[in-house]
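Source file: start17.cif (mmCIF, C-alpha atoms and all ligand atoms)
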data_query
loop_
_atom_site.label_atom_id
_atom_site.label_comp_id
_atom_site.auth_asym_id
_atom_site.auth_seq_id
_atom_site.Cartn_x
_atom_site.Cartn_y
_atom_site.Cartn_z
CA MET A 25 42.38 145.57 49.59
CA THR A 26 42.36 142.78 52.15
CA TYR A 27 43.37 139.24 51.26
CA SER A 28 43.70 136.07 53.27
CA ARG A 29 46.84 134.13 54.08
CA ILE A 30 47.36 130.71 55.65
CA THR A 31 49.39 131.28 58.81
CA GLY A 32 49.12 127.88 60.51
CA LEU A 33 48.56 124.26 59.52
CA GLY A 34 47.84 121.23 61.69
CA TYR A 35 46.63 117.66 61.49
CA TYR A 36 45.69 114.70 63.61
CA VAL A 37 45.58 111.07 62.60
CA PRO A 38 44.39 108.34 64.98
CA GLU A 39 47.09 106.02 66.30
CA ASN A 40 45.41 102.81 65.12
CA VAL A 41 47.17 101.73 61.90
CA VAL A 42 45.21 99.29 59.71
CA THR A 43 47.33 97.68 57.00
CA ASN A 44 46.07 96.10 53.80
CA GLN A 45 46.97 92.75 55.34
CA ASP A 46 44.76 93.58 58.35
CA LEU A 47 41.79 94.08 56.00
CA THR A 48 42.08 90.49 54.76
CA GLN A 49 40.67 89.25 58.08
CA TRP A 50 37.29 90.80 57.15
CA MET A 51 37.15 90.63 53.34
CA GLU A 52 38.57 88.89 50.32
CA THR A 53 41.26 91.25 49.13
CA SER A 54 45.03 91.45 48.99
CA ASP A 55 47.81 93.90 49.68
CA GLU A 56 48.88 93.49 46.06
CA TRP A 57 45.43 94.42 44.62
CA ILE A 58 45.02 97.45 46.89
CA GLN A 59 48.50 98.82 46.25
CA GLU A 60 48.31 98.26 42.50
CA ARG A 61 44.84 99.83 42.07
CA THR A 62 45.06 102.64 44.64
CA GLY A 63 48.62 103.04 45.98
CA ILE A 64 47.35 102.58 49.56
CA ARG A 65 49.44 100.54 52.01
CA GLU A 66 47.67 101.43 55.26
CA ARG A 67 45.14 103.81 56.77
CA ARG A 68 44.17 104.94 60.29
CA TYR A 69 40.98 104.00 62.14
CA PHE A 70 39.71 106.00 65.11
CA THR A 71 39.64 104.51 68.61
CA TYR A 72 36.16 104.38 70.08
CA GLY A 73 36.04 106.20 73.42
CA LYS A 74 39.14 108.25 72.55
CA ASP A 75 38.57 109.93 69.19
CA THR A 76 35.49 111.64 67.78
CA ASN A 77 35.16 113.58 64.55
CA ALA A 78 35.15 116.83 66.57
CA SER A 79 37.98 115.84 68.93
CA MET A 80 40.25 115.00 66.00
CA ALA A 81 39.36 118.34 64.38
CA ALA A 82 40.09 120.12 67.67
CA ALA A 83 43.52 118.47 67.90
CA ALA A 84 44.35 119.51 64.33
CA SER A 85 43.04 123.03 65.01
CA ARG A 86 45.07 123.44 68.21
CA GLN A 87 48.22 122.55 66.30
CA ALA A 88 47.35 124.96 63.47
CA LEU A 89 46.60 127.76 65.96
CA ASP A 90 49.83 127.10 67.91
CA ARG A 91 51.83 127.30 64.71
CA ALA A 92 50.09 130.58 63.85
CA GLY A 93 50.88 131.84 67.35
CA LEU A 94 47.19 132.41 68.07
CA SER A 95 44.75 131.37 70.78
CA PRO A 96 41.28 130.04 69.88
CA GLY A 97 39.75 133.23 71.30
CA VAL A 98 40.92 135.35 68.37
CA VAL A 99 39.23 133.19 65.73
CA ASP A 100 36.20 134.95 64.20
CA VAL A 101 34.63 131.98 62.39
CA ILE A 102 34.95 128.22 62.03
CA VAL A 103 34.27 126.64 58.64
CA TYR A 104 34.13 122.87 59.07
CA ALA A 105 33.93 120.29 56.31
CA THR A 106 32.86 116.72 56.96
CA ILE A 107 30.53 114.07 55.58
CA THR A 108 30.82 111.93 58.70
CA PRO A 109 29.58 114.19 61.53
CA ASP A 110 29.22 112.99 65.11
CA TYR A 111 25.48 113.70 65.08
CA PHE A 112 22.89 113.91 62.30
CA PHE A 113 22.54 117.46 63.63
CA PRO A 114 23.86 119.83 64.92
CA GLY A 115 27.11 119.62 62.98
CA SER A 116 30.50 118.72 64.42
CA ALA A 117 31.63 122.35 64.17
CA PHE A 118 29.47 123.05 67.24
CA LEU A 119 31.16 120.27 69.18
CA MET A 120 34.63 121.42 68.20
CA GLN A 121 33.76 125.01 69.04
CA ARG A 122 32.68 123.85 72.52
CA GLU A 123 35.87 121.82 72.97
CA LEU A 124 38.02 124.80 72.03
CA GLY A 125 36.05 127.14 74.33
CA MET A 126 34.92 129.43 71.53
CA GLU A 127 31.29 129.87 72.56
CA GLY A 128 29.50 132.64 70.69
CA LYS A 129 31.66 132.48 67.57
CA PRO A 130 29.85 131.52 64.36
CA VAL A 131 30.33 128.04 62.93
CA ILE A 132 29.56 126.80 59.44
CA ASP A 133 29.22 123.11 58.68
CA ILE A 134 29.61 122.20 55.07
CA ARG A 135 29.36 118.84 53.35
CA GLU A 136 30.92 118.97 49.94
CA GLN A 137 32.56 115.57 50.35
CA CYS A 138 36.10 115.26 48.98
CA SER A 139 36.01 118.89 47.81
CA GLY A 140 34.83 119.99 51.26
CA PHE A 141 38.08 121.51 52.43
CA VAL A 142 38.57 123.63 49.30
CA TYR A 143 34.95 124.80 49.54
CA ALA A 144 35.53 125.67 53.21
CA LEU A 145 38.74 127.51 52.36
CA SER A 146 36.92 129.48 49.68
CA ILE A 147 34.12 130.47 52.06
CA ALA A 148 36.61 131.64 54.70
CA ASP A 149 38.60 133.51 52.04
CA GLN A 150 35.48 135.40 50.88
CA PHE A 151 34.61 136.36 54.49
CA ILE A 152 38.08 137.76 55.01
CA LYS A 153 38.28 139.55 51.66
CA SER A 154 34.89 141.17 52.28
CA GLY A 155 36.15 142.51 55.62
CA MET A 156 33.52 140.70 57.67
CA TYR A 157 36.08 138.56 59.56
CA ARG A 158 39.85 138.75 60.05
CA THR A 159 40.70 135.26 61.32
CA ALA A 160 39.15 131.95 60.28
CA LEU A 161 39.70 128.33 61.22
CA VAL A 162 39.15 125.99 58.30
CA VAL A 163 38.80 122.31 59.12
CA GLY A 164 38.30 118.94 57.44
CA SER A 165 37.65 115.89 59.61
CA GLU A 166 36.34 112.41 58.90
CA ILE A 167 35.60 109.13 60.66
CA GLN A 168 34.82 106.76 57.81
CA SER A 169 35.78 103.47 59.41
CA THR A 170 32.42 103.16 61.17
CA TRP A 171 30.21 103.29 58.10
CA ILE A 172 32.20 101.34 55.54
CA ASP A 173 31.07 97.78 54.89
CA LYS A 174 34.11 95.70 55.79
CA SER A 175 32.74 92.50 54.26
CA THR A 176 33.74 91.35 50.77
CA ALA A 177 30.55 92.97 49.39
CA GLY A 178 31.88 96.41 50.32
CA ARG A 179 35.54 95.89 49.50
CA ASN A 180 35.76 98.26 46.51
CA VAL A 181 34.84 101.10 48.90
CA ALA A 182 36.22 99.84 52.22
CA VAL A 183 39.85 99.51 51.17
CA ILE A 184 40.04 103.16 50.08
CA PHE A 185 38.88 105.14 53.10
CA GLY A 186 40.55 106.17 56.34
CA ASP A 187 40.08 108.52 59.30
CA GLY A 188 41.84 111.78 60.16
CA ALA A 189 41.60 115.55 60.46
CA GLY A 190 43.42 118.64 59.20
CA ALA A 191 43.10 122.36 59.81
CA ALA A 192 44.33 125.70 58.51
CA VAL A 193 44.28 129.16 60.08
CA LEU A 194 43.51 132.00 57.69
CA GLN A 195 44.31 135.60 58.60
CA ALA A 196 43.67 138.90 56.89
CA THR A 197 46.65 140.44 55.13
CA PRO A 198 47.20 143.48 52.89
CA SER A 199 50.02 141.59 51.12
CA LEU A 200 49.70 140.87 47.44
CA ASP A 201 52.76 138.62 47.66
CA HIS A 202 51.59 136.03 50.23
CA ARG A 203 47.92 135.15 49.94
CA ILE A 204 45.22 132.97 48.51
CA LEU A 205 45.11 134.10 44.89
CA SER A 206 41.79 132.55 43.93
CA THR A 207 39.44 129.63 44.51
CA HIS A 208 37.25 127.83 41.97
CA LEU A 209 34.24 125.72 42.88
CA HIS A 210 32.05 123.40 40.82
CA ALA A 211 29.30 120.83 41.28
CA ASP A 212 27.17 118.57 39.09
CA GLY A 213 24.21 116.92 40.80
CA ARG A 214 23.45 114.71 37.82
CA TYR A 215 25.96 112.26 39.27
CA ALA A 216 24.77 112.37 42.90
CA GLU A 217 24.06 108.64 43.03
CA ASP A 218 27.42 107.61 41.54
CA LEU A 219 28.90 107.98 45.03
CA TYR A 220 26.42 108.29 47.86
CA VAL A 221 24.92 106.98 51.06
CA ARG A 222 21.11 107.03 51.02
CA GLU A 223 20.30 106.70 54.70
CA PRO A 224 19.45 108.18 57.10
CA GLY A 225 17.44 110.10 54.52
CA SER A 226 14.45 112.18 55.57
CA SER A 227 12.31 111.68 52.44
CA ARG A 228 11.00 108.38 53.76
CA PRO A 229 7.56 107.25 54.88
CA ASN A 230 8.81 106.23 58.32
CA ARG A 231 10.72 108.06 60.99
CA ALA A 232 12.77 105.16 62.27
CA ALA A 233 15.38 103.10 60.47
CA THR A 234 13.77 99.85 59.42
CA LYS A 235 15.29 96.43 58.88
CA GLU A 236 14.42 96.80 55.16
CA MET A 237 16.46 100.00 54.94
CA VAL A 238 19.43 98.20 56.45
CA ASP A 239 18.95 95.01 54.40
CA GLU A 240 18.62 97.00 51.17
CA GLY A 241 22.06 98.46 51.88
CA GLY A 242 20.72 101.97 52.38
CA PHE A 243 23.38 102.76 54.96
CA ASP A 244 26.22 101.52 52.75
CA VAL A 245 28.34 103.65 50.48
CA VAL A 246 27.35 103.08 46.87
CA MET A 247 30.16 103.93 44.50
CA ASN A 248 30.45 103.59 40.76
CA GLY A 249 34.24 103.52 41.00
CA ASN A 250 34.90 103.55 37.27
CA ALA A 251 32.65 106.58 36.67
CA VAL A 252 34.20 108.46 39.58
CA PHE A 253 37.66 107.69 38.27
CA LYS A 254 36.90 108.86 34.71
CA HIS A 255 35.30 112.12 35.80
CA ALA A 256 38.02 112.75 38.39
CA VAL A 257 40.92 112.70 35.95
CA LEU A 258 39.13 115.16 33.64
CA ARG A 259 37.88 117.54 36.32
CA PHE A 260 41.14 117.68 38.28
CA SER A 261 43.05 118.86 35.23
CA GLU A 262 40.26 121.21 34.15
CA VAL A 263 39.92 122.96 37.51
CA ILE A 264 43.69 123.35 37.88
CA GLU A 265 43.88 124.90 34.39
CA GLU A 266 40.98 127.19 35.30
CA ALA A 267 42.79 128.47 38.39
CA LEU A 268 46.01 129.04 36.47
CA ALA A 269 44.25 130.85 33.62
CA ALA A 270 42.40 133.12 36.08
CA ASN A 271 45.78 134.30 37.36
CA GLY A 272 47.63 134.47 34.06
CA LEU A 273 49.79 131.48 35.03
CA THR A 274 50.71 128.14 33.44
CA PRO A 275 51.38 124.64 34.87
CA GLY A 276 55.10 125.44 34.73
CA ASP A 277 54.54 128.08 37.43
CA ILE A 278 53.28 125.53 40.00
CA ASP A 279 55.81 124.71 42.71
CA LEU A 280 53.67 122.21 44.61
CA LEU A 281 50.40 120.50 43.75
CA VAL A 282 48.40 119.18 46.71
CA PRO A 283 45.65 117.00 45.24
CA HIS A 284 42.86 115.37 47.18
CA GLN A 285 44.16 111.89 47.98
CA ALA A 286 41.64 109.78 46.04
CA ASN A 287 43.82 107.26 44.25
CA ILE A 288 47.54 107.36 43.43
CA ARG A 289 46.68 106.59 39.80
CA ILE A 290 44.49 109.71 39.61
CA SER A 291 47.26 111.88 41.10
CA GLU A 292 49.80 110.36 38.75
CA TYR A 293 47.60 111.01 35.71
CA VAL A 294 47.11 114.64 36.73
CA ARG A 295 50.83 115.05 37.46
CA GLN A 296 51.68 113.90 33.95
CA GLN A 297 48.97 116.10 32.39
CA MET A 298 50.47 119.11 34.15
CA GLY A 299 54.05 118.15 33.30
CA LEU A 300 55.09 118.20 36.97
CA SER A 301 57.87 116.16 38.58
CA GLU A 302 57.12 113.61 41.32
CA GLN A 303 58.64 115.99 43.90
CA GLN A 304 56.12 118.64 42.89
CA VAL A 305 53.08 116.56 43.86
CA VAL A 306 52.17 115.66 47.45
CA ASN A 307 51.05 112.05 47.89
CA ASN A 308 50.43 110.53 51.31
CA ILE A 309 47.56 108.23 50.35
CA GLN A 310 50.00 105.34 50.86
CA ARG A 311 49.83 105.92 54.64
CA TYR A 312 46.35 107.37 55.21
CA GLY A 313 44.09 106.22 52.37
CA ASN A 314 41.37 108.63 51.27
CA THR A 315 40.29 110.79 54.21
CA THR A 316 37.75 112.78 52.14
CA ALA A 317 37.54 116.38 53.48
CA ALA A 318 40.60 115.85 55.66
CA SER A 319 42.94 114.68 52.93
CA ILE A 320 44.09 118.05 51.55
CA PRO A 321 44.75 119.75 54.91
CA ILE A 322 46.61 116.67 56.19
CA ALA A 323 48.73 116.53 53.02
CA LEU A 324 49.34 120.28 53.13
CA ALA A 325 50.33 120.23 56.81
CA GLU A 326 52.69 117.29 56.27
CA ALA A 327 54.29 118.97 53.26
CA TRP A 328 54.84 122.09 55.36
CA GLU A 329 56.37 120.04 58.21
CA GLN A 330 58.70 118.34 55.75
CA GLY A 331 59.98 121.71 54.52
CA ARG A 332 58.49 121.22 51.07
CA ILE A 333 56.81 124.66 51.08
CA LYS A 334 58.98 127.77 50.82
CA GLU A 335 58.06 131.42 50.98
CA GLY A 336 56.89 132.67 47.61
CA ASP A 337 56.01 129.18 46.31
CA LEU A 338 52.94 128.77 44.15
CA LEU A 339 50.73 126.05 45.64
CA CYS A 340 47.76 124.52 43.94
CA LEU A 341 45.10 122.59 45.87
CA ALA A 342 42.71 120.50 43.79
CA ALA A 343 39.86 118.17 44.65
CA PHE A 344 37.21 115.97 43.11
CA GLY A 345 34.54 113.92 44.83
CA SER A 346 30.98 112.84 45.41
CA GLY A 347 28.23 115.15 44.26
CA PHE A 348 30.03 115.37 41.89
CA THR A 349 32.06 118.29 43.17
CA TRP A 350 35.42 119.64 42.08
CA ALA A 351 37.41 122.64 43.22
CA SER A 352 40.83 124.28 43.25
CA ALA A 353 42.73 126.99 45.07
CA LEU A 354 45.91 128.80 44.11
CA ILE A 355 48.05 130.09 46.95
CA ARG A 356 51.15 132.28 46.84
CA TRP A 357 52.87 131.15 50.07
O1 LIG B 1 37.49 110.81 46.36
C1 LIG B 1 36.57 110.26 45.51
C2 LIG B 1 36.33 108.90 46.03
N1 LIG B 1 36.43 107.82 45.15
C3 LIG B 1 37.37 107.62 44.21
O2 LIG B 1 38.21 108.42 43.91
C4 LIG B 1 37.32 106.30 43.55
C5 LIG B 1 37.75 106.32 42.12
N2 LIG B 1 37.80 104.95 41.63
C6 LIG B 1 38.81 104.12 41.94
O3 LIG B 1 39.76 104.51 42.62
C7 LIG B 1 38.76 102.72 41.39
O4 LIG B 1 37.64 102.62 40.55
C8 LIG B 1 38.71 101.64 42.49
C9 LIG B 1 40.03 101.59 43.24
C10 LIG B 1 37.59 101.89 43.46
C11 LIG B 1 38.49 100.27 41.86
O5 LIG B 1 39.52 100.01 40.93
P1 LIG B 1 39.19 99.51 39.46
O6 LIG B 1 40.46 99.31 38.80
O7 LIG B 1 38.22 100.50 38.86
O8 LIG B 1 38.50 98.11 39.74
P2 LIG B 1 37.03 97.61 39.38
O9 LIG B 1 36.01 98.22 40.26
O10 LIG B 1 36.83 97.71 37.89
O11 LIG B 1 37.13 96.08 39.75
C12 LIG B 1 38.06 95.19 39.11
C13 LIG B 1 37.99 93.84 39.81
C14 LIG B 1 36.57 93.29 39.98
O12 LIG B 1 36.59 91.91 39.81
P3 LIG B 1 36.14 91.23 38.40
O13 LIG B 1 34.72 91.67 38.20
O14 LIG B 1 37.09 91.79 37.38
O15 LIG B 1 36.31 89.78 38.66
C15 LIG B 1 36.25 93.61 41.43
O16 LIG B 1 35.30 92.73 41.99
O17 LIG B 1 38.54 93.92 41.12
C16 LIG B 1 37.59 93.41 42.08
N3 LIG B 1 37.76 94.15 43.33
C17 LIG B 1 38.62 93.80 44.28
N4 LIG B 1 39.48 92.76 44.37
C18 LIG B 1 40.24 92.70 45.48
C19 LIG B 1 37.12 95.30 43.71
N5 LIG B 1 37.58 95.69 44.91
C20 LIG B 1 38.52 94.77 45.29
C21 LIG B 1 39.33 94.63 46.43
N6 LIG B 1 40.17 93.58 46.48
N7 LIG B 1 39.32 95.52 47.44
#
Written as C-alpha cells, that's how I'd like the structure from this file.
Ligand code: UT7
Amino acid sequence: MTYSRITGLGYYVPENVVTNQDLTQWMETSDEWIQERTGIRERRYFTYGKDTNASMAAAASRQALDRAGLSPGVVDVIVYATITPDYFFPGSAFLMQRELGMEGKPVIDIREQCSGFVYALSIADQFIKSGMYRTALVVGSEIQSTWIDKSTAGRNVAVIFGDGAGAAVLQATPSLDHRILSTHLHADGRYAEDLYVREPGSSRPNRAATKEMVDEGGFDVVMNGNAVFKHAVLRFSEVIEEALAANGLTPGDIDLLVPHQANIRISEYVRQQMGLSEQQVVNNIQRYGNTTAASIPIALAEAWEQGRIKEGDLLCLAAFGSGFTWASALIRW
C-alpha cells in the first residue's frame, strides 16, 4: 500500500500589519469589541504591486519545498484552494505554476472556502494513495482585504478577515507509522446564502457589472454570523469525532488540534468539547484573523516551526465554512 506523508510546510504573510485600532479609521468599531467577540488583535493586508494571491502562494510553496528538500520540478500536481483568485478564470494555480516554472504539470483549483485546504489535502492524498502521483503541492492562499467592505455597514465581516498563504508538500510513503490516516469531507448547500458573495455571478441578464449590482451590495460578503457560528461549533466537533471513530481513536489520543481560524470562541468551544488543554490547540487568529483557505496551513506551519509537532504525534485538522462545508484530517506525524 502507498500512503501520503507531509514532508514540508511553508507560509507567507504580507508585511502590512493592520491592527484593530487601524480599522477604526474606516468604521465604527473598537479593539475591545473585536478582541472580545473574535480574539483577533491584528491581521495582514497585501501590498498592491508587491503581493498577489499567486505570488504569496508561490512564496509559501517555495518554503515548503525547501523544507522537504525538493525542487518544484519533482512535484506531480498542484492542488490550490482559494476563494479570492487573481482572475475570474483561469485559477491562481496556473499563475503559481508559471511562477514556479512547473509548466506542463497539472493544476487543480478548488473553492471550498474555509474548508478548502482540507479538501485540497484530501484530493492530493487520494491521488497519491491511488498511485497516480507521488508528490503533490497543496496550497491555500487568500487576499480578502480587497473585497471586504471597510465601512461601518460591513464591519461584522471586515474585522474578521485577513490575507496570507500556506502550503504543504505531500509525498508517497509505504510507512503505516507516518502518514495521513484519513480525511472526511462534508457540504450542505442549503446554507449557501448564509455566507456568500453574489457577484460577479454569471446567471444574470447582462454581461457587465451594473451600478445596480454594486449599489445592491452584490459584491459584498453577506454573512449571517450567528448562523455560521451555531453550525460551526456543532460541525467542528462532529467531524473531529468522525475522523477519530474511523481510526478507532478517541479525543484523548489527539496531540495537537489545528482548527480553521474562524473565531477564538469557536476554537475554545471545540477545545472544551474535546477535553483538550490550551497547549493542544493551535490558535494564531490573534495575529492573522481568518485567512479562509490559508488559515490551516499557516497555523500548521507555524506550529511546526515552534517545535510543537513531534514525530509520532497525532494531529487533527478541522474546518468549517461557507457552503456550508466542513472537513477534517487525521495525521500521524
Ligand atoms: O470561517 C467561517 C467564517 N465566519 C465565521 O466563522 C463567523 C462566525 N460568526 C462570528 O464569529 C460572530 O457571529 C461575529 C464575530 C461575526 C459577530 O459576533 P456576534 O457576537 O455574533 O455579534 P452580532 O452579529 O450578534 O452583533 C452584536 C452587536 C450588534 O449590535 P446591536 O444590534 O446589538 O446593537 C452589531 O451591530 O455588535 C455589533 N457589531 C459590531 N460592533 C462593533 C457587529 N460587528 C461589529 C464590529 N464592531 N466590528
From A:Gly213, A:Gly63, A:Gly190, A:Gly241, residue lying nearest ligand LIG 1 (chain B) [all atoms listed in the file]: A:Gly63
Near ligand LIG 1 (chain B), 6 Å: chain A residue rows, closest pairs, only C-alpha atoms and all ligand atoms, as CSV:
residue,atom,partner,partner_atom,distance
A:Thr53,CA,B:LIG1,N6,3.7
A:Ser54,CA,B:LIG1,N6,5.9
A:Trp57,CA,B:LIG1,C18,5.5
A:Arg61,CA,B:LIG1,C9,5.3
A:Thr62,CA,B:LIG1,C9,5.3
A:Cys138,CA,B:LIG1,O1,5.3
A:Arg179,CA,B:LIG1,N7,4.3
A:Asn180,CA,B:LIG1,N5,3.5
A:Val183,CA,B:LIG1,N7,5.5
A:Gly249,CA,B:LIG1,O4,3.5
A:Asn250,CA,B:LIG1,O4,4.4
A:Val252,CA,B:LIG1,C5,4.9
A:Phe253,CA,B:LIG1,C5,4.1
A:Ala286,CA,B:LIG1,O2,4.3
A:Asn287,CA,B:LIG1,O3,5.2
A:Gly345,CA,B:LIG1,C1,4.2
Could those selected residues go to a file with C-alpha atoms, as an mmCIF file, keeping the file's coordinate frame?
data_model
loop_
_atom_site.group_PDB
_atom_site.id
_atom_site.type_symbol
_atom_site.label_atom_id
_atom_site.label_comp_id
_atom_site.auth_asym_id
_atom_site.auth_seq_id
_atom_site.Cartn_x
_atom_site.Cartn_y
_atom_site.Cartn_z
ATOM 1 C CA THR A 53 41.260 91.250 49.130
ATOM 2 C CA SER A 54 45.030 91.450 48.990
ATOM 3 C CA TRP A 57 45.430 94.420 44.620
ATOM 4 C CA ARG A 61 44.840 99.830 42.070
ATOM 5 C CA THR A 62 45.060 102.640 44.640
ATOM 6 C CA CYS A 138 36.100 115.260 48.980
ATOM 7 C CA ARG A 179 35.540 95.890 49.500
ATOM 8 C CA ASN A 180 35.760 98.260 46.510
ATOM 9 C CA VAL A 183 39.850 99.510 51.170
ATOM 10 C CA GLY A 249 34.240 103.520 41.000
ATOM 11 C CA ASN A 250 34.900 103.550 37.270
ATOM 12 C CA VAL A 252 34.200 108.460 39.580
ATOM 13 C CA PHE A 253 37.660 107.690 38.270
ATOM 14 C CA ALA A 286 41.640 109.780 46.040
ATOM 15 C CA ASN A 287 43.820 107.260 44.250
ATOM 16 C CA GLY A 345 34.540 113.920 44.830
#
Step by step: start from the point (28.0, 116.6, 46.9) in the file's coordinates, keep every protein, DNA or RNA residue that has an atom no farther than 6 Å from it, count all atoms listed in the file, and write the set as a ChimeraX atom specification. /A:136-137,346-349
Leaving out A:Ala78 and any residue of its chain fewer than 2 positions from it, which residues lie within 9 Å of it when counting only C-alpha atoms, given as a PyMOL selection string? chain A and resi 75-76+80-83+109-110+116-121+123+165-166+189
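Residue nearest A:His208 within the list A:Val238, A:Leu145, A:Leu258, A:Ala92: A:Leu145 [criterion: smallest interatomic distance, all atoms listed in the file].
Compared by their closest atoms to A:Phe113, and using only C-alpha atoms, the residues A:Asp239, A:Asp133, A:Asp100, A:Glu329 rank with A:Asp133 nearest.
For the atom pair formed by atom CA of A:Leu194 and atom CA of A:Ile355, the distance is 11.8 Å, given to one decimal.
Taking all atoms listed in the file into account, A:Asp187 lies nearest to A:Val41 out of the set A:Val142, A:Val41, A:Leu324, A:Ile58.
Comparing A:Phe141, A:Ala327, A:Arg65, A:Cys340 by their smallest distance to A:Leu300, the closest is A:Cys340 (using only C-alpha atoms).
Take atom CA of A:Gly186 and atom CA of A:Met126: the distance between them is 28.3 Å.
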Shortest interatomic distance to A:Phe260 - which of A:Ala353, A:Ala160, A:Ala191, A:Ile172, counting only C-alpha atoms: A:Ala353
Please identify all polymer residues within 12 Å of A:Ser95, counting only C-alpha atoms, omitting same-chain residues fewer than 2 positions from it, and present them as a PDB file with C-alpha atoms, keeping the file's coordinate frame.
ATOM      1  CA  GLY A  32      49.120 127.880  60.510  1.00  0.00           C
ATOM      2  CA  SER A  85      43.040 123.030  65.010  1.00  0.00           C
ATOM      3  CA  ARG A  86      45.070 123.440  68.210  1.00  0.00           C
ATOM      4  CA  GLN A  87      48.220 122.550  66.300  1.00  0.00           C
ATOM      5  CA  ALA A  88      47.350 124.960  63.470  1.00  0.00           C
ATOM      6  CA  LEU A  89      46.600 127.760  65.960  1.00  0.00           C
ATOM      7  CA  ASP A  90      49.830 127.100  67.910  1.00  0.00           C
ATOM      8  CA  ARG A  91      51.830 127.300  64.710  1.00  0.00           C
ATOM      9  CA  ALA A  92      50.090 130.580  63.850  1.00  0.00           C
ATOM     10  CA  GLY A  93      50.880 131.840  67.350  1.00  0.00           C
ATOM     11  CA  GLY A  97      39.750 133.230  71.300  1.00  0.00           C
ATOM     12  CA  VAL A  98      40.920 135.350  68.370  1.00  0.00           C
ATOM     13  CA  VAL A  99      39.230 133.190  65.730  1.00  0.00           C
ATOM     14  CA  ASP A 100      36.200 134.950  64.200  1.00  0.00           C
ATOM     15  CA  LEU A 124      38.020 124.800  72.030  1.00  0.00           C
ATOM     16  CA  GLY A 125      36.050 127.140  74.330  1.00  0.00           C
ATOM     17  CA  MET A 126      34.920 129.430  71.530  1.00  0.00           C
ATOM     18  CA  THR A 159      40.700 135.260  61.320  1.00  0.00           C
ATOM     19  CA  ALA A 160      39.150 131.950  60.280  1.00  0.00           C
ATOM     20  CA  LEU A 161      39.700 128.330  61.220  1.00  0.00           C
ATOM     21  CA  VAL A 193      44.280 129.160  60.080  1.00  0.00           C
TER      22      VAL A 193
END
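Between atom CA of A:Val257 and atom CA of A:Trp350 lies a distance of 10.8 Å.
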Name the residues, using the chain letters and numbers of the file, that sit within 12 Å of (50.4, 114.3, 55.0) when counting only C-alpha atoms, and give them as an NGL selection string. :A and (33-37 or 67 or 188-191 or 282-285 or 305-315 or 318-330 or 332)
Please extract stretch 245-257 of chain A and write it out with N, CA and C atoms, as a short mmCIF file (atom, residue, chain, number, x, y, z; two decimals), in the first residue's frame.
data_model
loop_
_atom_site.label_atom_id
_atom_site.label_comp_id
_atom_site.auth_asym_id
_atom_site.auth_seq_id
_atom_site.Cartn_x
_atom_site.Cartn_y
_atom_site.Cartn_z
N VAL A 245 -19.62 40.77 0.89
CA VAL A 245 -19.81 39.49 1.58
C VAL A 245 -21.07 39.61 2.44
N VAL A 246 -21.98 38.68 2.24
CA VAL A 246 -23.17 38.63 3.10
C VAL A 246 -22.93 37.49 4.08
N MET A 247 -23.02 37.79 5.36
CA MET A 247 -22.79 36.73 6.35
C MET A 247 -23.82 36.79 7.46
N ASN A 248 -24.47 35.68 7.68
CA ASN A 248 -25.34 35.52 8.84
C ASN A 248 -24.45 34.95 9.96
N GLY A 249 -23.75 35.87 10.63
CA GLY A 249 -22.71 35.47 11.58
C GLY A 249 -23.19 34.51 12.66
N ASN A 250 -24.41 34.76 13.16
CA ASN A 250 -24.92 33.90 14.24
C ASN A 250 -25.16 32.47 13.75
N ALA A 251 -25.73 32.36 12.53
CA ALA A 251 -26.00 31.02 11.97
C ALA A 251 -24.69 30.29 11.71
N VAL A 252 -23.72 31.01 11.16
CA VAL A 252 -22.41 30.38 10.88
C VAL A 252 -21.81 29.87 12.19
N PHE A 253 -21.87 30.71 13.19
CA PHE A 253 -21.30 30.36 14.49
C PHE A 253 -21.94 29.08 15.05
N LYS A 254 -23.29 29.06 15.02
CA LYS A 254 -24.00 27.91 15.63
C LYS A 254 -23.70 26.60 14.89
N HIS A 255 -23.71 26.67 13.56
CA HIS A 255 -23.39 25.46 12.80
C HIS A 255 -21.93 25.05 13.00
N ALA A 256 -21.05 26.05 13.05
CA ALA A 256 -19.61 25.76 13.17
C ALA A 256 -19.31 24.94 14.42
N VAL A 257 -19.83 25.36 15.55
CA VAL A 257 -19.46 24.65 16.78
C VAL A 257 -19.95 23.20 16.75
#
